[in-house]
Amino acid sequence: MEEKKETLNFIEQIITNDLETGKHKQIITRFPPEPNGYLHIGHAKSICLNFGLKETFNGKTNLRFDDTNPSKEEVEYVNSIIDDVHWLGFEYDNLFYASDYFQQIYEWAVMLIREGKAYVDEQTPEQISEQRTNPTVPGIESPFRNRSVEENLRIFQEMKDGKHDEGSMVLRAKVDMNSPNMHMRDPIMYRIIKKHHDRTGDKWCIYPMYDYAHGQSDYIEGITHSICTLEFEVHRPLYEWFLDQIDTTGKRPRQIEFARLNVSYTVMSKRKLLELVTNKYVSGWDDPRMPTISGLRRRGYTPESIRNFAERIGVAKRENMIDVGLLEFFIREDLNKRANRVMAVLDPLKVVITNYPDGQTEQLDSGNNPEDETAGTRKVNFSKEIFIEREDFMEDAPAKFFRLKPGGEVRLRNAYFVKCNEVIKDKNGNITELHCTYDPDSKGGQSPDGRKVKGTIHWVDSKTCIDAEVRLYDRLFTKENPDDLAENETYLDYLNPDSLKTITAKVEKSLESVNPGDKFQFERKGYFCVDKNSAPGKLVFNRTVTLKDSWSKIATN
RNA sequence: UGUCCGAUGGUGUAAUGGUAGCACUUGUGAUUUUGGUUCAUACAGCCAAGGUUCGAAUCCUUGUCGGACAACCA
């Protein structure tokens, strides 16, 4: 099960060492989302890391919701997060909530008060902030810092009993107001929040802060390696300080930080993603343009492609910006192997095959996937009138244009050679249809006389094809890094107005009974996925990604 | 001008004192009933300066550049 990789990332090296020296017999990691939004591709990196460690080292991984702030968190998010983790293909060993530990965490807080290491501060947030000053000068001690243990105990009890208002007081740890690390300047441990909590109901009206609750939760669960992103690096001394207060076993978690994922042409902060959703810039958290896991899923991404992506980008401590093209590479790689090919014309141009018998329809054999023989074949209807892609015909074509042109011959995929004889236009000069002749001997796409035809184009039979709504997605932002802004700018200034184009395409009849989530390659156009709102008679396809297109490079030169 | 962290081709990521490799991207060519796939091939990198060493991407020093930190968010 343990596949040997040639190289280990720095976290794997730490773990390998911990196992070899006997510091740990088995590792336990955790993925600790706050249920205040949907998971995105950056979380997928973290999930793949934490659960990947479990698989590599035969350890365990808990899913733990960091539900310490009922004013921001919702059950909908809990459910979506569980779904996303499963969809990615991971199984957690335990499902926990930080709220499971509220009683224990509270008792430890009381213990700290008794030891003179915590106190109730009745100042305003502004006063507390001012006294912390800034990192270059020492802080100022709160006037409440040295009140008696008895008084602290009494008032903290009153806070717990709901006798004080939100914002009127907090419990602070007595650490070091002179520390150059701002997080050590008597951090807040508890604040009053009089909100219903989804799991503990109205039992509590004081809630622990992240810095206090997180490490203690890790400790309770026996987490060996607590992996988080770089911005928590400055918190580590405080994480250790809180652990110092309760650690009697000597076995404590070690916090390790890595660089979060950034992907070009998108944003990754939950705050911004929430804003996109609530202000309706997108249709929801699972809008296929969103970098959320549910958005990528609806877009047509597979769990394997995302896991391969996460594996390839690696884990390190330096800031990074991954080209969205790398993500696209992995979904193309995956879908190339598994998506069946079908024909769909996105921008139809009518073609009449003048020498084909009126009223005749024949069924031609078409391979489903040249990369996978077991995918088999299907029958595709062909008749006198078909549609081809408008861009596959050019009246004044350059020499390198291999597709259809006046007097030129082209192969219809899986069908016949056709030659264009006549271009029909309306009074405005727009091409409305083409008249072609076909070579009956070229059935299947090869001529017995051995003559070569360079171009092959896709088509659909006009009589039996069906209309389908097709949503062409593009990147959500026009700027590589929408967070890199000049003054007076907002990331919303760089929303791509063309990130979604909805068209009606003509698709082959075999697609009439597809199901949501089914994935296809529309030959020569890209990979498409059946949307969750698709229904028989009203098909909806989402474009996952285009095929690589070396012609467009030639054409634009 | 506080503390902490980081710096390897265009983008990511390896090397753990001993030949700077891999993937993506890009260029060229071959194959091809998808201008797809596949195959071959090429371009391109150690932030800078000192020091230690037979030997430095790696260790040390200094500098430069980038990032994080001053919510009763996580």
# chains A, B, ... in the order shown; residues from 1 in each chain; ligands from 1
$ residues_around --residues "segment 430-441 of chain A" --least-positions-apart "2" --cutoff "12 Å" --atoms "only C-alpha atoms (C1' of nucleotides)" --output "VMD selection string"
chain A and resid 348 to 357 382 to 395 404 to 412 415 to 428 443 to 451
$ residues_around --residues "C46 of chain B" --least-positions-apart "2" --cutoff "8 Å" --atoms "only C-alpha atoms (C1' of nucleotides)" --output "PDB file with N, CA and C atoms (P, O5', C5', C4', C3', O3' and C1' of nucleotides), in the first residue's frame"
ATOM      1  P     U B   8      12.974  30.618  -5.758  1.00  0.00           P
ATOM      2  O5'   U B   8      14.198  29.691  -6.163  1.00  0.00           O
ATOM      3  C5'   U B   8      15.395  30.272  -6.653  1.00  0.00           C
ATOM      4  C4'   U B   8      16.096  29.307  -7.557  1.00  0.00           C
ATOM      5  C3'   U B   8      15.262  28.810  -8.733  1.00  0.00           C
ATOM      6  O3'   U B   8      15.292  29.727  -9.807  1.00  0.00           O
ATOM      7  C1'   U B   8      16.285  26.965  -7.677  1.00  0.00           C
ATOM      8  P     A B  20      26.284  19.751 -12.171  1.00  0.00           P
ATOM      9  O5'   A B  20      24.807  19.561 -11.611  1.00  0.00           O
ATOM     10  C5'   A B  20      23.761  19.347 -12.514  1.00  0.00           C
ATOM     11  C4'   A B  20      22.478  19.271 -11.752  1.00  0.00           C
ATOM     12  C3'   A B  20      21.241  19.489 -12.624  1.00  0.00           C
ATOM     13  O3'   A B  20      20.788  18.272 -13.171  1.00  0.00           O
ATOM     14  C1'   A B  20      21.164  20.925 -10.743  1.00  0.00           C
ATOM     15  P     A B  57      26.733  25.089  -5.585  1.00  0.00           P
ATOM     16  O5'   A B  57      25.187  25.472  -5.507  1.00  0.00           O
ATOM     17  C5'   A B  57      24.786  26.807  -5.266  1.00  0.00           C
ATOM     18  C4'   A B  57      23.460  26.827  -4.582  1.00  0.00           C
ATOM     19  C3'   A B  57      23.493  26.402  -3.110  1.00  0.00           C
ATOM     20  O3'   A B  57      23.786  27.490  -2.268  1.00  0.00           O
ATOM     21  C1'   A B  57      21.773  25.246  -4.247  1.00  0.00           C
TER      22        A B  57
END
$ residues_around --residues "U28 of chain B" --least-positions-apart "6" --cutoff "12 Å" --atoms "only C-alpha atoms (C1' of nucleotides)" --output "JSON, numbers by chain"
{"B": [40, 41, 42, 43]}
$ closest_residue --among "A:Ile322, A:Asp286, A:Asp18, A:Leu274" --to "G10 of chain B" --atoms "only C-alpha atoms (C1' of nucleotides)"
A:Ile322
$ closest_atom_pairs --of "chain B" --to "chain A" --cutoff "7 Å" --atoms "only C-alpha atoms (C1' of nucleotides)" --output "tab-separated table"
residue	atom	partner	partner_atom	distance
B:G2	C1'	A:Thr136	CA	4.1
B:U3	C1'	A:Pro180	CA	5.3
B:C4	C1'	A:Val234	CA	6.2
B:G6	C1'	A:Arg318	CA	5.3
B:U11	C1'	A:Asp323	CA	6.3
B:G12	C1'	A:Ile313	CA	5.8
B:U13	C1'	A:Gly314	CA	6.1
B:A14	C1'	A:Thr7	CA	6.8
B:C24	C1'	A:Leu326	CA	5.9
B:U33	C1'	A:Gly445	CA	6.0
B:U34	C1'	A:Arg524	CA	4.9
B:G35	C1'	A:Trp551	CA	4.9
B:G36	C1'	A:Leu547	CA	6.5
B:A68	C1'	A:Glu231	CA	5.4
B:C69	C1'	A:Val234	CA	6.3
B:A70	C1'	A:Asn134	CA	5.1
B:C72	C1'	A:Arg191	CA	5.3
B:A74	C1'	A:Tyr210	CA	6.3
$ write_last_selection --atoms "N, CA, C and O atoms (P, O5', C5', C4', C3', O3' and C1' of nucleotides)" --output "CSV table (one decimal), in the first residue's frame"
chain,number,residue,atom,x,y,z
B,2,G,P,13.8,47.0,13.2
B,2,G,O5',12.8,46.3,14.3
B,2,G,C5',13.1,46.4,15.7
B,2,G,C4',12.2,45.5,16.5
B,2,G,C3',12.2,44.1,16.0
B,2,G,O3',13.2,43.3,16.7
B,2,G,C1',10.0,44.8,16.1
B,3,U,P,14.0,42.1,15.9
B,3,U,O5',12.9,41.0,16.0
B,3,U,C5',12.5,40.4,17.2
B,3,U,C4',11.4,39.5,17.0
B,3,U,C3',11.6,38.4,15.9
B,3,U,O3',12.4,37.3,16.4
B,3,U,C1',9.5,39.4,15.7
B,4,C,P,13.3,36.5,15.4
B,4,C,O5',12.2,35.7,14.5
B,4,C,C5',11.4,34.8,15.1
B,4,C,C4',10.3,34.3,14.2
B,4,C,C3',10.8,33.8,12.8
B,4,C,O3',11.2,32.5,12.9
B,4,C,C1',9.0,35.3,12.5
B,6,G,P,12.3,29.4,6.7
B,6,G,O5',12.0,29.9,5.2
B,6,G,C5',11.0,29.3,4.4
B,6,G,C4',10.7,30.1,3.3
B,6,G,C3',11.8,30.3,2.2
B,6,G,O3',11.9,29.2,1.3
B,6,G,C1',10.8,32.4,2.7
B,11,U,P,8.4,32.6,-12.9
B,11,U,O5',7.2,31.5,-12.9
B,11,U,C5',5.9,31.9,-13.1
B,11,U,C4',5.0,30.7,-12.8
B,11,U,C3',5.3,30.0,-11.6
B,11,U,O3',4.7,30.6,-10.5
B,11,U,C1',5.1,28.4,-13.3
B,12,G,P,5.2,30.3,-9.0
B,12,G,O5',4.8,28.8,-8.7
B,12,G,C5',5.6,28.0,-8.0
B,12,G,C4',5.0,26.5,-8.1
B,12,G,C3',5.8,25.5,-7.4
B,12,G,O3',5.4,25.5,-6.0
B,12,G,C1',5.5,24.8,-9.6
B,13,U,P,6.5,25.5,-4.8
B,13,U,O5',7.2,24.0,-5.0
B,13,U,C5',6.4,22.9,-4.9
B,13,U,C4',7.1,21.7,-5.5
B,13,U,C3',8.5,21.4,-4.8
B,13,U,O3',8.3,20.6,-3.6
B,13,U,C1',8.7,21.3,-7.2
B,14,A,P,9.6,20.4,-2.7
B,14,A,O5',10.4,19.4,-3.6
B,14,A,C5',11.8,19.1,-3.2
B,14,A,C4',12.3,18.0,-4.1
B,14,A,C3',13.7,17.6,-3.9
B,14,A,O3',13.8,16.7,-2.8
B,14,A,C1',13.4,18.0,-6.2
B,24,C,P,4.3,17.2,-18.6
B,24,C,O5',3.7,18.6,-18.3
B,24,C,C5',2.4,18.8,-17.7
B,24,C,C4',2.2,20.2,-17.4
B,24,C,C3',2.3,21.2,-18.5
B,24,C,O3',1.1,21.2,-19.3
B,24,C,C1',3.4,22.0,-16.6
B,33,U,P,-5.3,8.4,-40.2
B,33,U,O5',-6.8,8.9,-40.2
B,33,U,C5',-7.0,10.3,-40.5
B,33,U,C4',-8.2,10.7,-39.7
B,33,U,C3',-8.3,10.2,-38.3
B,33,U,O3',-8.9,11.2,-37.5
B,33,U,C1',-10.3,9.6,-39.5
B,34,U,P,-7.9,11.9,-36.4
B,34,U,O5',-9.0,12.8,-35.7
B,34,U,C5',-10.0,13.5,-36.4
B,34,U,C4',-10.3,14.8,-35.7
B,34,U,C3',-9.1,15.6,-35.2
B,34,U,O3',-9.4,17.0,-35.2
B,34,U,C1',-10.3,14.9,-33.3
B,35,G,P,-8.7,18.0,-36.2
B,35,G,O5',-7.4,18.5,-35.4
B,35,G,C5',-6.2,17.8,-35.5
B,35,G,C4',-5.1,18.7,-35.2
B,35,G,C3',-5.3,19.5,-33.9
B,35,G,O3',-4.0,19.8,-33.4
B,35,G,C1',-5.2,20.9,-35.7
B,36,G,P,-3.3,18.8,-32.2
B,36,G,O5',-4.5,18.2,-31.3
B,36,G,C5',-5.1,19.0,-30.3
B,36,G,C4',-6.0,18.1,-29.5
B,36,G,C3',-5.2,17.0,-28.7
B,36,G,O3',-4.7,17.5,-27.5
B,36,G,C1',-7.0,16.0,-29.8
B,68,A,P,1.2,39.5,3.4
B,68,A,O5',1.4,38.7,4.7
B,68,A,C5',0.9,37.3,4.9
B,68,A,C4',1.2,36.8,6.2
B,68,A,C3',0.7,37.7,7.4
B,68,A,O3',-0.6,37.5,7.7
B,68,A,C1',3.0,37.0,7.7
B,69,C,P,-1.5,38.7,8.1
B,69,C,O5',-1.0,39.0,9.6
B,69,C,C5',-1.1,37.9,10.6
B,69,C,C4',-0.4,38.3,11.9
B,69,C,C3',-0.8,39.7,12.4
B,69,C,O3',-2.0,39.7,13.1
B,69,C,C1',1.6,39.4,12.5
B,70,A,P,-3.1,40.8,13.0
B,70,A,O5',-2.5,41.9,14.0
B,70,A,C5',-2.6,41.6,15.4
B,70,A,C4',-2.5,42.9,16.2
B,70,A,C3',-3.4,44.0,15.7
B,70,A,O3',-4.7,43.9,16.4
B,70,A,C1',-1.2,44.9,15.9
B,72,C,P,-9.8,41.7,19.4
B,72,C,O5',-10.9,40.8,20.1
B,72,C,C5',-10.9,39.4,20.0
B,72,C,C4',-12.2,38.8,20.2
B,72,C,C3',-13.2,39.3,19.2
B,72,C,O3',-14.2,38.2,19.0
B,72,C,C1',-14.0,40.0,21.3
B,74,A,P,-12.7,32.3,16.4
B,74,A,O5',-12.1,31.4,15.2
B,74,A,C5',-13.1,30.7,14.3
B,74,A,C4',-12.3,30.3,13.1
B,74,A,C3',-11.1,29.4,13.4
B,74,A,O3',-11.5,28.0,13.5
B,74,A,C1',-10.5,31.1,11.9
$ select_by_dssp --residues "segment 233-322 of chain A" --states "strand (DSSP E)" --output "list in words"
Arg254, Gln255, Ile256, Glu257 and Phe258 of chain A
$ atom_distance --atom1 "atom CA of Gln363 of chain A" --atom2 "atom CA of Thr504 of chain A"
24.7 Å
$ closest_residue --among "A:Asn308, A:Thr61, A:Ser442, A:Gln245" --to "A23 of chain B" --atoms "only C-alpha atoms (C1' of nucleotides)"
A:Asn308
$ select_by_dssp --residues "segment 167-363 of chain A" --states "alpha helix (DSSP H)" --output "PyMOL selection string"
chain A and resi 210-221+236-246+270-278+293-299+303-313+324-338
$ residues_around --residues "Ala310 of chain A" --least-positions-apart "5" --cutoff "10 Å" --atoms "only C-alpha atoms (C1' of nucleotides)" --output "PyMOL selection string"
chain A and resi 41-42+44-49+261+304-305+315+327
$ residues_around --residues "A49 of chain B" --least-positions-apart "3" --cutoff "12 Å" --atoms "only C-alpha atoms (C1' of nucleotides)" --output "list of chain:residue names"
B:U61, B:U62, B:G63, B:U64
$ atom_distance --atom1 "atom CA of Lys195 of chain A" --atom2 "atom CA of Gly162 of chain A"
11.2 Å
$ atom_distance --atom1 "atom CA of Cys205 of chain A" --atom2 "atom CA of Lys160 of chain A"
6.1 Å
